[in-house]
>>> print(open('protein.tsv').read())   # TSV, C-alpha atoms
chain	number	residue	atom	x	y	z
P	1	MET	CA	-13.79	-2.42	15.22
P	2	PHE	CA	-15.68	-0.86	12.30
P	3	ALA	CA	-14.42	1.62	9.70
P	4	ARG	CA	-16.64	4.05	7.79
P	5	HIS	CA	-15.28	5.91	4.79
P	6	VAL	CA	-16.36	9.11	3.08
P	7	THR	CA	-14.98	10.50	-0.17
P	8	MET	CA	-15.10	14.13	-1.28
P	9	HIS	CA	-13.78	16.30	-4.10
P	10	LEU	CA	-12.40	19.64	-2.98
P	11	LYS	CA	-12.85	22.89	-4.82
P	12	PRO	CA	-9.54	24.47	-5.81
P	13	ASN	CA	-7.60	26.13	-2.99
P	14	THR	CA	-9.79	24.80	-0.16
P	15	ARG	CA	-7.40	22.26	1.38
P	16	ALA	CA	-6.43	24.58	4.27
P	17	GLU	CA	-10.12	25.30	4.98
P	18	LEU	CA	-10.85	21.57	5.06
P	19	THR	CA	-8.02	20.98	7.52
P	20	GLN	CA	-9.30	23.70	9.85
P	21	THR	CA	-12.88	22.44	9.63
P	22	ILE	CA	-11.81	18.89	10.48
P	23	GLU	CA	-9.66	19.98	13.42
P	24	ASN	CA	-12.00	22.64	14.84
P	25	GLU	CA	-15.48	21.30	14.10
P	26	ILE	CA	-15.63	17.68	12.93
P	27	LEU	CA	-13.18	16.00	15.32
P	28	PRO	CA	-14.57	17.66	18.47
P	29	LEU	CA	-18.06	16.52	17.43
P	30	LEU	CA	-16.96	12.98	16.62
P	31	LYS	CA	-15.06	12.64	19.90
P	32	LYS	CA	-18.36	13.14	21.75
P	33	GLN	CA	-20.00	10.23	19.91
P	34	HIS	CA	-20.41	6.86	21.58
P	35	GLY	CA	-17.97	4.32	20.17
P	36	PHE	CA	-15.86	6.75	18.14
P	37	GLN	CA	-12.14	5.91	18.16
P	38	ASP	CA	-10.30	7.98	15.54
P	39	GLU	CA	-10.43	9.73	12.16
P	40	ILE	CA	-7.87	9.36	9.36
P	41	VAL	CA	-7.99	11.79	6.42
P	42	PHE	CA	-6.09	11.40	3.13
P	43	VAL	CA	-5.89	14.29	0.65
P	44	ALA	CA	-4.58	13.68	-2.86
P	45	PRO	CA	-2.14	16.27	-4.19
P	46	GLY	CA	-3.32	18.71	-6.84
P	47	SER	CA	-5.81	21.51	-7.18
P	48	GLY	CA	-8.88	19.30	-7.72
P	49	ALA	CA	-7.91	17.12	-4.80
P	50	GLU	CA	-9.85	14.05	-3.78
P	51	VAL	CA	-10.27	13.39	-0.07
P	52	VAL	CA	-10.89	10.08	1.69
P	53	ALA	CA	-11.83	10.20	5.37
P	54	ILE	CA	-11.98	7.02	7.42
P	55	SER	CA	-13.60	7.05	10.84
P	56	LEU	CA	-12.97	4.18	13.24
P	57	TRP	CA	-15.69	2.99	15.61
P	58	ASP	CA	-16.05	0.31	18.27
P	59	LYS	CA	-19.02	-1.24	16.48
P	60	LYS	CA	-20.93	-0.79	13.24
P	61	GLU	CA	-24.00	0.14	15.28
P	62	ASP	CA	-22.16	3.11	16.81
P	63	ALA	CA	-21.25	4.52	13.38
P	64	GLU	CA	-24.80	3.96	12.10
P	65	ALA	CA	-26.32	5.68	15.14
P	66	TYR	CA	-24.11	8.72	14.55
P	67	LEU	CA	-25.02	8.81	10.86
P	68	ARG	CA	-28.77	8.59	11.61
P	69	ALA	CA	-28.49	11.43	14.14
P	70	ALA	CA	-26.47	13.57	11.72
P	71	ILE	CA	-28.96	13.05	8.88
P	72	GLN	CA	-31.89	14.00	11.12
P	73	LYS	CA	-30.23	17.36	11.89
P	74	TYR	CA	-30.30	18.29	8.21
>>> encode(input="protein.tsv", output="structure tokens")
Amino acid sequence: MFARHVTMHLKPNTRAELTQTIENEILPLLKKQHGFQDEIVFVAPGSGAEVVAISLWDKKEDAEAYLRAAIQKY
């Protein structure tokens, strides 16, 4: 198993928007990716909240393939 982590800083009052985006857009996309297992998201309390998202993959190569594909889209 391989874990990939991403950190973000939220703008004030955007925690609810982040939650909806993760549930409605990010998770459905990740679930279609080869080797994806699960996503864990931690949000620190406070208005300038820090977020840590950890995605779990079967293999490091699966996570890297997803990242390469995502970067090429943008």
>>> atom_distance(input="protein.tsv", atom1="atom CA of Met1 of chain P", atom2="atom CA of Leu18 of chain P")
26.2 Å
>>> residues_around(input="protein.tsv", residues="Gln33 of chain P", least_positions_apart="5", cutoff="9 Å", atoms="only C-alpha atoms", output="mmCIF file with C-alpha atoms, keeping the file's coordinate frame")
data_model
loop_
_atom_site.group_PDB
_atom_site.id
_atom_site.type_symbol
_atom_site.label_atom_id
_atom_site.label_comp_id
_atom_site.auth_asym_id
_atom_site.auth_seq_id
_atom_site.Cartn_x
_atom_site.Cartn_y
_atom_site.Cartn_z
ATOM 1 C CA ASP P 62 -22.160 3.110 16.810
ATOM 2 C CA ALA P 63 -21.250 4.520 13.380
ATOM 3 C CA TYR P 66 -24.110 8.720 14.550
#
>>> axis_aligned_box(input="protein.tsv", around="segment 36-52 of chain P", padding_each_side="3 Å", output="JSON")
{"center_x": -9.0, "center_y": 13.7, "center_z": 5.2, "size_x": 19.7, "size_y": 21.6, "size_z": 31.9}
>>> atom_distance(input="protein.tsv", atom1="atom CA of Asp58 of chain P", atom2="atom CA of Met8 of chain P")
24.0 Å
>>> residues_around(input="protein.tsv", residues="segment 28-30 of chain P", least_positions_apart="3", cutoff="12 Å", atoms="all atoms listed in the file", output="ChimeraX atom specification")
/P:20-25,33-39,55-57,62-63,65-67,69-70
>>> atom_distance(input="protein.tsv", atom1="atom CA of Val51 of chain P", atom2="atom CA of Arg68 of chain P")
22.4 Å
>>> closest_residue(input="protein.tsv", among="P:Lys11, P:Lys31, P:Ile71, P:Thr19", to="Ala53 of chain P", atoms="all atoms listed in the file")
P:Thr19
>>> closest_residue(input="protein.tsv", among="P:Lys32, P:Ala16, P:Ala3, P:Ile26", to="Lys60 of chain P", atoms="only C-alpha atoms")
P:Ala3
>>> decode(input="protein.tsv", residues="segment 17-48 of chain P", atoms="C-alpha atoms", output="mmCIF file, in the first residue's frame")
data_model
loop_
_atom_site.group_PDB
_atom_site.id
_atom_site.type_symbol
_atom_site.label_atom_id
_atom_site.label_comp_id
_atom_site.auth_asym_id
_atom_site.auth_seq_id
_atom_site.Cartn_x
_atom_site.Cartn_y
_atom_site.Cartn_z
ATOM 1 C CA GLU P 17 -17.403 24.166 -0.007
ATOM 2 C CA LEU P 18 -14.331 21.954 0.362
ATOM 3 C CA THR P 19 -16.426 19.162 1.860
ATOM 4 C CA GLN P 20 -18.917 19.302 -1.012
ATOM 5 C CA THR P 21 -16.147 19.394 -3.623
ATOM 6 C CA ILE P 22 -14.446 16.356 -2.109
ATOM 7 C CA GLU P 23 -17.679 14.361 -1.866
ATOM 8 C CA ASN P 24 -19.182 15.369 -5.224
ATOM 9 C CA GLU P 25 -16.164 15.789 -7.506
ATOM 10 C CA ILE P 26 -12.872 14.484 -6.111
ATOM 11 C CA LEU P 27 -13.939 11.149 -4.611
ATOM 12 C CA PRO P 28 -15.973 10.031 -7.644
ATOM 13 C CA LEU P 29 -12.965 10.806 -9.861
ATOM 14 C CA LEU P 30 -10.494 9.030 -7.575
ATOM 15 C CA LYS P 31 -12.711 5.942 -7.308
ATOM 16 C CA LYS P 32 -12.361 5.478 -11.079
ATOM 17 C CA GLN P 33 -8.556 5.415 -10.864
ATOM 18 C CA HIS P 34 -6.654 2.145 -11.026
ATOM 19 C CA GLY P 35 -5.290 1.184 -7.612
ATOM 20 C CA PHE P 36 -7.148 3.821 -5.591
ATOM 21 C CA GLN P 37 -8.330 2.566 -2.193
ATOM 22 C CA ASP P 38 -9.511 5.474 -0.035
ATOM 23 C CA GLU P 39 -9.147 9.157 0.858
ATOM 24 C CA ILE P 40 -8.788 10.573 4.383
ATOM 25 C CA VAL P 41 -9.136 14.329 4.907
ATOM 26 C CA PHE P 42 -8.214 16.234 8.082
ATOM 27 C CA VAL P 43 -9.277 19.869 8.558
ATOM 28 C CA ALA P 44 -7.797 21.921 11.391
ATOM 29 C CA PRO P 45 -10.261 24.045 13.344
ATOM 30 C CA GLY P 46 -10.246 27.805 12.834
ATOM 31 C CA SER P 47 -10.953 30.277 10.080
ATOM 32 C CA GLY P 48 -7.576 29.928 8.310
#
